[in-house]
$ cat protein-v5.txt   # compact mmCIF, C-alpha atoms
# COMPACT_ATOMS: atom_id res chain seq x y z
CA MET I 1017 107.81 129.30 82.13
CA ASP I 1018 105.48 126.84 80.42
CA ILE I 1019 103.34 125.51 83.29
CA LYS I 1020 101.16 123.39 81.02
CA LYS I 1021 104.24 121.63 79.69
CA LEU I 1022 105.51 121.04 83.23
CA MET I 1023 102.15 119.54 84.18
CA THR I 1024 102.34 117.21 81.18
CA LEU I 1025 105.85 116.11 82.11
CA HIS I 1026 105.02 115.81 85.82
CA PRO I 1027 101.36 114.83 86.48
CA GLU I 1028 101.90 115.45 90.21
CA ILE I 1029 102.02 119.19 89.51
CA GLY I 1030 98.46 119.17 88.17
CA ARG I 1031 97.27 117.48 91.34
CA MET I 1032 99.26 119.95 93.45
CA ALA I 1033 97.59 122.83 91.59
CA ASP I 1034 94.25 121.39 92.71
CA TYR I 1035 95.44 121.35 96.35
CA GLU I 1036 95.52 117.56 96.34
CA GLU I 1037 97.99 115.58 98.44
CA VAL I 1038 100.91 114.11 96.52
CA TRP I 1039 103.66 111.57 97.22
CA TRP I 1040 106.84 111.85 95.15
CA THR I 1041 110.04 109.82 95.29
CA ASN I 1042 113.31 111.22 93.98
CA PRO I 1043 114.84 109.27 91.06
CA ASP I 1044 118.18 111.09 91.55
CA CYS I 1045 118.60 110.11 95.20
CA GLY I 1046 121.90 108.29 95.71
CA THR I 1047 123.55 109.56 92.54
CA PRO I 1048 127.25 110.24 93.36
CA ARG I 1049 127.98 113.95 93.60
CA LYS I 1050 130.63 116.23 95.10
CA LEU I 1051 129.32 118.95 97.44
CA ASP I 1052 131.07 122.14 98.53
CA PHE I 1053 131.07 121.10 102.19
CA GLY I 1054 131.21 117.93 104.25
CA MET I 1055 131.87 116.33 107.62
CA ASP I 1056 134.72 118.69 108.50
CA ASP I 1057 132.30 121.63 108.26
CA ILE I 1058 129.81 119.86 110.53
CA LYS I 1059 132.56 119.16 113.07
CA ASP I 1060 133.62 122.82 112.94
CA ALA I 1061 130.07 123.91 113.77
CA GLU I 1062 129.86 121.31 116.53
CA ALA I 1063 133.10 122.60 118.07
CA ARG I 1064 131.89 126.21 117.95
CA LEU I 1065 128.67 125.28 119.78
CA ALA I 1066 130.78 123.48 122.39
CA ARG I 1067 132.88 126.64 122.89
CA PHE I 1068 129.71 128.66 123.40
CA ALA I 1069 128.16 126.16 125.84
CA PRO I 1070 129.46 128.03 128.94
CA TYR I 1071 127.91 131.25 127.62
CA ILE I 1072 124.57 129.56 126.82
CA GLN I 1073 124.49 127.99 130.28
CA ALA I 1074 125.19 131.36 131.94
CA ALA I 1075 122.75 133.33 129.77
CA PHE I 1076 119.94 130.75 129.74
CA PRO I 1077 119.76 128.93 133.11
CA GLU I 1078 117.26 126.42 131.69
CA THR I 1079 120.20 124.84 129.81
CA GLU I 1080 122.15 124.11 132.99
CA VAL I 1081 121.02 120.47 132.96
CA THR I 1082 122.66 119.97 129.54
CA GLY I 1083 125.73 122.08 130.27
CA GLY I 1084 124.74 124.77 127.81
CA ILE I 1085 124.21 122.37 124.91
CA ILE I 1086 120.85 123.01 123.23
CA GLU I 1087 119.57 119.54 122.40
CA SER I 1088 116.22 117.76 122.36
CA PRO I 1089 115.14 114.30 123.51
CA LEU I 1090 114.34 111.41 121.19
CA LYS I 1091 111.20 109.69 122.46
CA GLU I 1092 109.68 106.41 121.35
CA VAL I 1093 105.94 106.89 120.80
CA PRO I 1094 104.41 103.39 120.59
CA GLU I 1095 100.90 104.58 121.47
CA MET I 1096 101.01 107.17 118.68
CA LYS I 1097 102.14 104.43 116.31
CA LYS I 1098 98.88 102.59 117.07
CA VAL I 1099 96.93 105.80 116.46
CA LEU I 1100 98.67 106.39 113.12
CA ALA I 1101 97.95 102.80 112.10
CA ASP I 1102 94.23 103.56 112.55
CA MET I 1103 94.36 107.01 110.96
CA CYS I 1104 96.74 106.42 108.03
CA GLY I 1105 97.59 102.72 107.72
CA THR I 1106 99.92 100.25 109.40
CA PHE I 1107 103.68 100.23 109.02
CA SER I 1108 106.55 98.08 110.29
CA GLY I 1109 109.30 99.08 112.68
CA ARG I 1110 109.59 101.41 115.68
CA LEU I 1111 108.30 105.00 115.79
CA PHE I 1112 110.08 107.88 117.51
CA LEU I 1113 109.51 111.62 117.89
CA LYS I 1114 112.56 113.88 117.78
CA CYS I 1115 111.42 116.67 120.08
CA ASP I 1116 112.98 119.77 118.56
CA SER I 1117 109.58 121.17 119.51
CA HIS I 1118 111.03 121.35 123.03
CA LEU I 1119 114.50 122.73 122.39
CA ALA I 1120 115.63 125.19 125.05
CA VAL I 1121 115.76 128.96 124.46
CA SER I 1122 113.31 129.22 121.56
CA GLY I 1123 111.29 126.00 121.44
CA SER I 1124 111.80 124.98 117.82
CA ILE I 1125 114.24 123.40 115.38
CA LYS I 1126 115.33 126.96 114.52
CA ALA I 1127 117.18 127.04 117.85
CA ARG I 1128 119.81 124.96 116.07
CA GLY I 1129 120.68 126.97 112.97
CA GLY I 1130 119.40 130.39 114.02
CA ILE I 1131 121.23 130.52 117.32
CA TYR I 1132 124.36 129.02 115.76
CA GLU I 1133 124.61 131.69 113.07
CA VAL I 1134 124.24 134.55 115.55
CA LEU I 1135 126.82 132.97 117.87
CA LYS I 1136 129.27 132.64 114.98
CA PHE I 1137 128.76 136.31 114.13
CA ALA I 1138 129.26 137.30 117.78
CA GLU I 1139 132.47 135.26 117.94
CA LYS I 1140 133.79 137.01 114.82
CA VAL I 1141 132.95 140.48 116.18
CA ALA I 1142 134.55 139.80 119.57
CA MET I 1143 137.68 138.26 118.06
CA GLU I 1144 138.17 141.08 115.58
CA ALA I 1145 137.89 143.51 118.51
CA GLY I 1146 140.65 141.58 120.30
CA MET I 1147 138.28 140.71 123.15
CA LEU I 1148 138.00 136.93 122.65
CA GLN I 1149 140.29 133.97 121.95
CA LEU I 1150 139.44 130.35 121.15
CA THR I 1151 140.89 129.23 124.49
CA ASP I 1152 138.72 131.61 126.57
CA ASP I 1153 135.80 130.64 128.76
CA TYR I 1154 133.00 132.03 126.61
CA SER I 1155 130.80 132.71 129.63
CA LYS I 1156 132.71 136.00 129.79
CA LEU I 1157 130.50 137.16 126.90
CA THR I 1158 127.74 137.86 129.41
CA GLY I 1159 129.78 140.82 130.69
CA PRO I 1160 128.66 144.44 130.12
CA GLU I 1161 131.69 145.26 127.99
CA TYR I 1162 130.58 142.64 125.46
CA ARG I 1163 126.99 143.87 125.43
CA GLU I 1164 128.37 147.34 124.73
CA LEU I 1165 130.50 145.95 121.88
CA PHE I 1166 127.62 144.03 120.34
CA SER I 1167 125.26 147.00 120.69
CA ARG I 1168 127.23 148.69 117.89
CA TYR I 1169 126.03 145.99 115.51
CA SER I 1170 122.62 144.83 114.37
CA VAL I 1171 121.09 141.59 113.13
CA ALA I 1172 118.18 141.29 110.69
CA VAL I 1173 116.13 138.33 109.48
CA GLY I 1174 112.95 137.62 107.52
CA SER I 1175 110.72 134.95 109.03
CA THR I 1176 107.29 133.37 109.24
CA GLY I 1177 107.84 132.91 112.97
CA ASN I 1178 110.17 130.36 114.54
CA LEU I 1179 113.42 131.50 112.94
CA GLY I 1180 112.54 135.03 113.99
CA LEU I 1181 112.08 133.83 117.57
CA SER I 1182 115.48 132.13 117.64
CA ILE I 1183 117.35 135.01 116.01
CA GLY I 1184 115.54 137.62 118.07
CA ILE I 1185 116.00 135.94 121.45
CA ILE I 1186 119.71 135.13 121.12
CA SER I 1187 120.60 138.44 119.41
CA ALA I 1188 118.84 140.52 122.05
CA LYS I 1189 120.43 138.49 124.85
CA LEU I 1190 123.92 139.14 123.44
CA GLY I 1191 123.19 142.85 123.07
CA PHE I 1192 122.77 143.21 119.31
CA LYS I 1193 120.10 145.50 117.94
CA VAL I 1194 117.79 143.11 116.11
CA THR I 1195 114.98 143.47 113.60
CA VAL I 1196 112.71 140.63 112.54
CA HIS I 1197 110.78 141.16 109.32
CA MET I 1198 107.66 138.99 109.60
CA SER I 1199 105.19 137.90 106.95
CA ALA I 1200 101.41 137.98 107.31
CA ASP I 1201 101.45 134.24 108.10
CA ALA I 1202 103.29 134.70 111.41
CA ARG I 1203 101.28 134.07 114.58
CA GLN I 1204 100.53 137.12 116.69
CA TRP I 1205 101.87 135.54 119.88
CA LYS I 1206 105.28 135.13 118.23
CA LYS I 1207 105.37 138.82 117.33
CA ASP I 1208 104.29 139.76 120.85
CA LEU I 1209 106.94 137.54 122.45
CA LEU I 1210 109.70 139.06 120.34
CA ARG I 1211 108.65 142.60 121.19
CA SER I 1212 108.69 141.67 124.88
CA LYS I 1213 112.38 140.74 124.43
CA GLY I 1214 113.24 144.15 122.99
CA VAL I 1215 113.19 143.01 119.37
CA THR I 1216 111.94 145.32 116.61
CA VAL I 1217 109.27 143.48 114.62
CA VAL I 1218 108.29 144.82 111.21
CA GLU I 1219 105.09 143.32 109.82
CA TYR I 1220 104.15 142.90 106.17
CA PRO I 1221 100.79 142.08 104.61
CA ASP I 1222 102.68 139.98 102.05
CA ASP I 1223 104.21 136.52 102.16
CA TYR I 1224 107.52 135.19 103.47
CA GLN I 1225 109.55 136.17 100.40
CA LYS I 1226 108.64 139.84 100.89
CA ALA I 1227 109.76 139.76 104.52
CA VAL I 1228 113.09 138.20 103.54
CA ALA I 1229 113.61 140.70 100.72
CA GLU I 1230 113.02 143.63 103.04
CA GLY I 1231 115.39 142.23 105.65
CA ARG I 1232 118.07 141.71 103.02
CA LYS I 1233 117.58 145.26 101.72
CA GLU I 1234 118.01 146.72 105.22
CA ALA I 1235 121.27 144.85 105.75
CA GLU I 1236 122.78 145.69 102.36
CA GLY I 1237 122.99 149.37 103.22
CA ASP I 1238 124.59 148.88 106.65
CA PRO I 1239 128.10 147.41 107.07
CA TYR I 1240 127.37 146.84 110.77
CA CYS I 1241 124.22 144.78 110.08
CA HIS I 1242 124.37 141.00 109.74
CA PHE I 1243 121.53 139.53 107.69
CA VAL I 1244 120.52 135.94 108.43
CA ASP I 1245 119.51 134.70 105.00
CA ASP I 1246 117.15 131.75 105.46
CA GLU I 1247 117.15 131.19 101.71
CA ALA I 1248 120.91 130.83 101.20
CA SER I 1249 122.89 130.77 104.48
CA VAL I 1250 125.53 128.05 104.81
CA ASP I 1251 125.99 128.98 108.49
CA LEU I 1252 122.34 128.28 109.24
CA PHE I 1253 122.61 125.05 107.30
CA MET I 1254 125.64 123.88 109.28
CA GLY I 1255 124.05 124.74 112.61
CA TYR I 1256 121.15 122.42 111.79
CA SER I 1257 123.48 119.66 110.57
CA VAL I 1258 125.07 119.23 114.00
CA ALA I 1259 121.91 117.40 115.12
CA ALA I 1260 123.10 114.37 113.17
CA ARG I 1261 126.35 114.17 115.13
CA ARG I 1262 124.52 114.23 118.46
CA ILE I 1263 121.71 111.82 117.75
CA GLY I 1264 124.04 108.80 117.74
CA SER I 1265 124.22 108.64 121.54
CA GLN I 1266 120.41 108.79 121.66
CA PHE I 1267 120.22 105.90 119.20
CA GLU I 1268 122.58 103.90 121.37
CA ALA I 1269 120.49 104.58 124.48
CA ALA I 1270 117.32 103.50 122.65
CA GLY I 1271 118.90 100.39 121.15
CA ILE I 1272 118.60 101.75 117.60
CA VAL I 1273 120.90 100.25 114.98
CA VAL I 1274 121.31 101.92 111.58
CA ASP I 1275 122.82 99.74 108.84
CA GLU I 1276 121.82 97.95 105.64
CA ASN I 1277 119.46 95.63 107.49
CA HIS I 1278 118.16 98.29 109.87
CA PRO I 1279 117.03 101.27 107.73
CA LEU I 1280 116.34 104.69 109.22
CA PHE I 1281 113.47 106.84 107.91
CA VAL I 1282 113.30 110.50 108.92
CA TYR I 1283 110.27 112.67 108.14
CA ILE I 1284 110.71 116.43 108.47
CA PRO I 1285 108.25 119.31 107.92
CA CYS I 1286 109.65 121.70 105.32
CA GLY I 1287 109.18 125.41 104.68
CA VAL I 1288 111.93 127.23 102.79
CA GLY I 1289 114.12 124.18 103.48
CA GLY I 1290 117.03 125.41 105.61
CA ALA I 1291 116.32 123.45 108.78
CA PRO I 1292 115.22 120.14 107.23
CA GLY I 1293 117.96 120.47 104.62
CA GLY I 1294 120.68 120.92 107.21
CA VAL I 1295 119.43 118.01 109.30
CA ALA I 1296 119.13 115.84 106.19
CA PHE I 1297 122.64 116.71 105.02
CA GLY I 1298 124.09 115.86 108.44
CA LEU I 1299 122.24 112.56 108.65
CA LYS I 1300 123.36 111.54 105.16
CA GLU I 1301 126.97 112.39 106.06
CA VAL I 1302 126.78 110.22 109.18
CA TYR I 1303 124.54 107.34 108.06
CA GLY I 1304 124.93 107.38 104.27
CA ASP I 1305 122.63 105.18 102.20
CA HIS I 1306 121.07 103.62 105.28
CA VAL I 1307 119.00 106.75 106.05
CA TYR I 1308 116.03 107.84 103.96
CA ILE I 1309 114.95 111.49 104.34
CA LEU I 1310 111.48 112.67 103.35
CA PHE I 1311 110.18 116.24 103.52
CA ALA I 1312 106.54 117.06 104.33
CA GLU I 1313 104.73 120.21 103.22
CA PRO I 1314 101.20 121.66 103.32
CA THR I 1315 99.16 121.34 100.12
CA HIS I 1316 98.83 125.13 99.96
CA ALA I 1317 102.60 125.81 100.03
CA PRO I 1318 104.59 122.83 98.68
CA CYS I 1319 107.55 124.90 97.45
CA MET I 1320 110.27 122.26 97.97
CA THR I 1321 108.18 119.49 96.41
CA LEU I 1322 107.57 121.71 93.38
CA SER I 1323 111.25 122.66 93.22
CA MET I 1324 112.44 119.05 93.43
CA ILE I 1325 109.96 117.63 90.91
CA THR I 1326 110.71 120.28 88.27
CA GLY I 1327 114.42 120.69 89.02
CA LEU I 1328 113.90 124.45 88.82
CA LYS I 1329 115.13 125.13 92.39
CA ASN I 1330 114.00 128.62 93.45
CA GLU I 1331 113.06 129.67 89.92
CA ILE I 1332 109.53 128.36 90.42
CA ALA I 1333 107.03 129.40 93.11
CA VAL I 1334 103.78 127.84 94.28
CA SER I 1335 101.95 130.90 92.92
CA ASP I 1336 103.15 129.91 89.43
CA ILE I 1337 100.80 126.92 89.56
CA GLY I 1338 97.97 128.96 91.10
CA LEU I 1339 98.40 128.08 94.78
CA ASP I 1340 97.67 130.72 97.42
CA GLY I 1341 100.45 129.76 99.87
CA LYS I 1342 98.08 130.20 102.83
CA THR I 1343 98.27 127.48 105.47
CA ASP I 1344 97.67 126.93 109.18
CA ALA I 1345 101.17 125.41 109.22
CA ASP I 1346 102.56 128.95 109.57
CA GLY I 1347 106.22 127.92 109.69
CA LEU I 1348 105.78 126.17 106.36
CA ALA I 1349 103.98 129.03 104.58
CA VAL I 1350 106.70 129.59 102.00
CA GLY I 1351 106.18 130.08 98.28
CA ARG I 1352 109.69 129.54 96.94
CA SER I 1353 112.37 127.10 98.15
CA SER I 1354 115.92 127.84 99.26
CA VAL I 1355 118.28 127.75 96.28
CA LEU I 1356 121.00 126.28 98.50
CA VAL I 1357 118.86 123.48 99.91
CA SER I 1358 117.04 122.55 96.72
CA ASP I 1359 120.44 122.17 95.06
CA VAL I 1360 122.03 120.10 97.85
CA MET I 1361 118.94 117.88 98.23
CA LYS I 1362 118.98 116.91 94.53
CA THR I 1363 120.82 113.65 95.30
CA LEU I 1364 120.24 113.32 99.06
CA LEU I 1365 116.47 113.57 99.49
CA SER I 1366 114.45 110.35 99.14
CA GLY I 1367 111.20 112.15 98.46
CA CYS I 1368 108.51 114.67 99.38
CA TYR I 1369 104.84 114.51 100.25
CA THR I 1370 102.09 116.97 101.07
CA ILE I 1371 99.31 117.11 103.62
CA GLN I 1372 96.03 118.97 103.94
CA ASP I 1373 95.70 121.45 106.80
CA GLU I 1374 92.61 119.72 108.19
CA LYS I 1375 94.71 116.67 109.15
CA LEU I 1376 97.21 118.61 111.25
CA TYR I 1377 94.90 119.24 114.20
CA PRO I 1378 93.64 115.66 114.69
CA PHE I 1379 97.28 114.51 114.69
CA LEU I 1380 98.12 117.21 117.25
CA ALA I 1381 95.28 116.17 119.55
CA SER I 1382 96.03 112.47 119.12
CA LEU I 1383 99.69 112.95 120.06
CA ALA I 1384 98.61 114.88 123.16
CA ASP I 1385 96.13 112.16 124.15
CA SER I 1386 98.35 109.16 123.43
CA GLU I 1387 101.78 110.43 124.53
CA ASN I 1388 101.05 113.67 126.46
CA ILE I 1389 103.27 115.62 124.04
CA PHE I 1390 102.05 118.95 122.68
CA ILE I 1391 103.43 120.38 119.44
CA GLU I 1392 102.27 123.07 117.02
CA PRO I 1393 100.24 122.29 113.86
CA SER I 1394 103.13 122.65 111.41
CA SER I 1395 105.08 120.03 113.41
CA CYS I 1396 102.40 117.49 112.55
CA ALA I 1397 102.85 117.79 108.78
CA SER I 1398 105.12 114.75 108.68
CA PHE I 1399 102.79 112.27 110.40
CA THR I 1400 101.44 110.55 107.27
CA GLY I 1401 104.98 109.66 106.13
CA PRO I 1402 105.49 106.15 107.55
CA ALA I 1403 102.22 104.87 106.07
CA LEU I 1404 103.10 106.40 102.68
CA VAL I 1405 106.45 104.61 102.71
CA GLU I 1406 104.72 101.34 103.60
CA ALA I 1407 102.17 101.81 100.81
CA ASP I 1408 104.75 102.36 98.03
CA THR I 1409 105.86 98.78 97.51
CA ALA I 1410 107.46 99.53 94.16
CA TRP I 1411 109.70 102.26 95.57
CA ARG I 1412 110.74 100.13 98.53
CA GLU I 1413 111.59 97.21 96.26
CA SER I 1414 113.64 99.50 94.02
CA ARG I 1415 115.70 100.43 97.08
CA GLY I 1416 116.08 96.88 98.32
CA LEU I 1417 113.87 97.54 101.34
CA THR I 1418 112.53 94.05 101.90
CA ALA I 1419 109.84 93.16 104.42
CA GLU I 1420 112.55 91.77 106.69
CA LYS I 1421 114.46 95.05 106.63
CA MET I 1422 111.30 97.10 107.18
CA ALA I 1423 110.51 95.02 110.27
CA ASN I 1424 113.84 96.32 111.66
CA ALA I 1425 113.23 99.91 110.56
CA THR I 1426 113.30 103.01 112.72
CA HIS I 1427 110.94 105.86 111.82
CA ILE I 1428 111.55 109.35 113.23
CA LEU I 1429 108.96 112.11 113.02
CA TRP I 1430 110.95 115.33 113.50
CA ALA I 1431 108.81 117.68 115.61
CA THR I 1432 109.89 121.19 114.67
CA GLY I 1433 108.13 123.48 117.16
CA GLY I 1434 105.55 123.89 119.86
CA SER I 1435 106.79 124.27 123.43
CA MET I 1436 106.62 128.08 123.39
CA VAL I 1437 103.02 128.18 122.16
CA PRO I 1438 100.90 130.00 124.82
CA GLU I 1439 98.66 127.69 126.81
CA GLU I 1440 95.42 129.21 125.51
CA GLU I 1441 96.61 128.95 121.92
CA MET I 1442 97.60 125.30 122.37
CA LYS I 1443 94.25 124.60 123.98
CA HIS I 1444 92.58 126.05 120.89
CA TYR I 1445 94.67 123.81 118.61
CA TYR I 1446 93.83 120.78 120.74
CA GLU I 1447 90.09 121.46 120.82
CA LYS I 1448 90.07 122.00 117.08
CA GLY I 1449 91.77 118.62 116.69
CA LYS I 1450 89.21 116.92 118.88

$ encode --input "protein-v5.txt" --output "structure tokens"
Amino acid sequence: MDIKKLMTLHPEIGRMADYEEVWWTNPDCGTPRKLDFGMDDIKDAEARLARFAPYIQAAFPETEVTGGIIESPLKEVPEMKKVLADMCGTFSGRLFLKCDSHLAVSGSIKARGGIYEVLKFAEKVAMEAGMLQLTDDYSKLTGPEYRELFSRYSVAVGSTGNLGLSIGIISAKLGFKVTVHMSADARQWKKDLLRSKGVTVVEYPDDYQKAVAEGRKEAEGDPYCHFVDDEASVDLFMGYSVAARRIGSQFEAAGIVVDENHPLFVYIPCGVGGAPGGVAFGLKEVYGDHVYILFAEPTHAPCMTLSMITGLKNEIAVSDIGLDGKTDADGLAVGRSSVLVSDVMKTLLSGCYTIQDEKLYPFLASLADSENIFIEPSSCASFTGPALVEADTAWRESRGLTAEKMANATHILWATGGSMVPEEEMKHYYEKGK
């Protein structure tokens, strides 16, 4: 791999290698292309989650208010918009926070894809054993005979933290033996919480890729072990995509219109890419060219930005350009992007941008002060996005985004995690931000 040549072709890479922030828009976005899956696959995932709702409600009483559907609120944050105008620059339109940071069960966006994949595996096991039919009330899965069935199987995953929490919590609740392989970047409280749930946590001094590789290796030798592959799982991807089908009712309640004259901008923190990729795919299926998706990454680990700029997918890592991959945005501490997501995003993603770690904490504290919402540092990676869109007049003009349309725009910062952070830890984040 000729890095010097890549830097000549793509000047952004040289700036990335110096840990500078970059803003990149995708010239291939909107190019017609046939994908291997579509709306029918999203609807299938949505239906499966609906079948499992009685089980989720029975197993996790905190979901009773939503009837066992794990969904997060969409909150307008006008005071935070004023703060961002001062901190980053003004922008037109309304600003919302999608609070996946407060999803039930595991408190992060990973509660969508991670829980969905394990539920799909459980459904398959129970059906193959002749103990479950599509017409059944799935709350029966809380019974001891099902825990005994599932205890014959195991689930493994590699994670920097939040995916491990989701997989570990739901797998242990069902009765599966579960092992979470965690990289050095994972927060200690996440490891402790998993162990308290009966999950086996294996720690590595290496990065995320090593943890995933070890998890995959464990599963390959065991026909009764299901490996949740964050780098390539279509099931994970589809679980995340369901968010786009549900958000429509929230738009209606908030008076949000999405059409040619009312553009939608969605800014999502990105690690390996599974969660933001699934959400982005779903939103593009539902809202088409009227939604613009942008991924945000830390300057120390911009694996998706690097993948998208070069077109090399997962064949290039941040270490190839000399980056250390170490970031306080622990959920985003990934050196190499998902091959599945980097491929699918080639024509769907509007762009990527990076952010320095030092900015995460002031955003965190400002959101707490202005809106009384607490999220983890990695969730704040997206907050510079609206001002960056506003500043790139040439890109907006190339997309027909006139001033009139931008005045009608809706901006959504997708908060990816935070509600399970221990109080003392959150206090530390907040004080650091102040």

$ closest_residue --input "protein-v5.txt" --among "I:Pro1239, I:Glu1161, I:Met1198, I:Ala1120" --to "Glu1080 in chain I" --atoms "all atoms listed in the file"
I:Ala1120

$ residues_around --input "protein-v5.txt" --residues "Phe1053 in chain I" --least-positions-apart "4" --cutoff "12 Å" --atoms "all atoms listed in the file" --output "ChimeraX atom specification"
/I:1049,1057-1061,1250-1251,1253-1254,1257,1294,1297-1298,1301,1356,1360

$ write_last_selection --input "protein-v5.txt" --atoms "C-alpha atoms" --output "PDB file, keeping the file's coordinate frame"
ATOM      1  CA  ARG I1049     127.980 113.950  93.600  1.00  0.00           C
ATOM      2  CA  ASP I1057     132.300 121.630 108.260  1.00  0.00           C
ATOM      3  CA  ILE I1058     129.810 119.860 110.530  1.00  0.00           C
ATOM      4  CA  LYS I1059     132.560 119.160 113.070  1.00  0.00           C
ATOM      5  CA  ASP I1060     133.620 122.820 112.940  1.00  0.00           C
ATOM      6  CA  ALA I1061     130.070 123.910 113.770  1.00  0.00           C
ATOM      7  CA  VAL I1250     125.530 128.050 104.810  1.00  0.00           C
ATOM      8  CA  ASP I1251     125.990 128.980 108.490  1.00  0.00           C
ATOM      9  CA  PHE I1253     122.610 125.050 107.300  1.00  0.00           C
ATOM     10  CA  MET I1254     125.640 123.880 109.280  1.00  0.00           C
ATOM     11  CA  SER I1257     123.480 119.660 110.570  1.00  0.00           C
ATOM     12  CA  GLY I1294     120.680 120.920 107.210  1.00  0.00           C
ATOM     13  CA  PHE I1297     122.640 116.710 105.020  1.00  0.00           C
ATOM     14  CA  GLY I1298     124.090 115.860 108.440  1.00  0.00           C
ATOM     15  CA  GLU I1301     126.970 112.390 106.060  1.00  0.00           C
ATOM     16  CA  LEU I1356     121.000 126.280  98.500  1.00  0.00           C
ATOM     17  CA  VAL I1360     122.030 120.100  97.850  1.00  0.00           C
TER      18      VAL I1360
END

$ residues_around --input "protein-v5.txt" --residues "range 1135-1146 of chain I" --least-positions-apart "5" --cutoff "12 Å" --atoms "only C-alpha atoms" --output "ChimeraX atom specification"
/I:1060-1069,1071-1072,1127-1130,1151-1152,1154,1156-1158,1161-1171,1182-1183,1185-1192,1240-1244,1250-1252,1254-1255

$ closest_residue --input "protein-v5.txt" --among "I:Val1357, I:Ala1317, I:Val1121, I:Cys1104" --to "Ile1086 in chain I" --atoms "all atoms listed in the file"
I:Val1121

$ closest_residue --input "protein-v5.txt" --among "I:Ile1284, I:Met1422, I:Ala1248, I:Cys1396" --to "Gln1372 in chain I" --atoms "all atoms listed in the file"
I:Cys1396

$ residues_around --input "protein-v5.txt" --residues "Thr1079 in chain I" --least-positions-apart "2" --cutoff "12 Å" --atoms "only C-alpha atoms" --output "tab-separated table (two decimals) with C-alpha atoms, in the frame of the given file"
chain	number	residue	atom	x	y	z
I	1069	ALA	CA	128.16	126.16	125.84
I	1070	PRO	CA	129.46	128.03	128.94
I	1071	TYR	CA	127.91	131.25	127.62
I	1072	ILE	CA	124.57	129.56	126.82
I	1073	GLN	CA	124.49	127.99	130.28
I	1074	ALA	CA	125.19	131.36	131.94
I	1075	ALA	CA	122.75	133.33	129.77
I	1076	PHE	CA	119.94	130.75	129.74
I	1077	PRO	CA	119.76	128.93	133.11
I	1081	VAL	CA	121.02	120.47	132.96
I	1082	THR	CA	122.66	119.97	129.54
I	1083	GLY	CA	125.73	122.08	130.27
I	1084	GLY	CA	124.74	124.77	127.81
I	1085	ILE	CA	124.21	122.37	124.91
I	1086	ILE	CA	120.85	123.01	123.23
I	1087	GLU	CA	119.57	119.54	122.40
I	1088	SER	CA	116.22	117.76	122.36
I	1118	HIS	CA	111.03	121.35	123.03
I	1119	LEU	CA	114.50	122.73	122.39
I	1120	ALA	CA	115.63	125.19	125.05
I	1121	VAL	CA	115.76	128.96	124.46
I	1122	SER	CA	113.31	129.22	121.56

$ closest_residue --input "protein-v5.txt" --among "I:Pro1438, I:Gly1338, I:Gly1367, I:Gly1347" --to "Arg1031 in chain I" --atoms "all atoms listed in the file"
I:Gly1338

$ atom_distance --input "protein-v5.txt" --atom1 "CA of Arg1261 in chain I" --atom2 "CA of Val1302 in chain I"
7.2 Å

$ closest_residue --input "protein-v5.txt" --among "I:Tyr1303, I:Trp1040, I:Tyr1224, I:Phe1112" --to "Ala1260 in chain I" --atoms "all atoms listed in the file"
I:Tyr1303

$ residues_around --input "protein-v5.txt" --residues "Thr1326 in chain I" --least-positions-apart "2" --cutoff "9 Å" --atoms "only C-alpha atoms" --output "list in words"
Leu1022, Leu1025, His1026, Ile1029, Thr1321, Leu1322, Ser1323, Met1324, Leu1328, Lys1329 and Ile1332 of chain I

$ write_last_selection --input "protein-v5.txt" --atoms "C-alpha atoms" --output "PDB file, keeping the file's coordinate frame"
ATOM      1  CA  LEU I1022     105.510 121.040  83.230  1.00  0.00           C
ATOM      2  CA  LEU I1025     105.850 116.110  82.110  1.00  0.00           C
ATOM      3  CA  HIS I1026     105.020 115.810  85.820  1.00  0.00           C
ATOM      4  CA  ILE I1029     102.020 119.190  89.510  1.00  0.00           C
ATOM      5  CA  THR I1321     108.180 119.490  96.410  1.00  0.00           C
ATOM      6  CA  LEU I1322     107.570 121.710  93.380  1.00  0.00           C
ATOM      7  CA  SER I1323     111.250 122.660  93.220  1.00  0.00           C
ATOM      8  CA  MET I1324     112.440 119.050  93.430  1.00  0.00           C
ATOM      9  CA  LEU I1328     113.900 124.450  88.820  1.00  0.00           C
ATOM     10  CA  LYS I1329     115.130 125.130  92.390  1.00  0.00           C
ATOM     11  CA  ILE I1332     109.530 128.360  90.420  1.00  0.00           C
TER      12      ILE I1332
END

$ atom_distance --input "protein-v5.txt" --atom1 "CA of Pro1048 in chain I" --atom2 "CA of Lys1362 in chain I"
10.7 Å
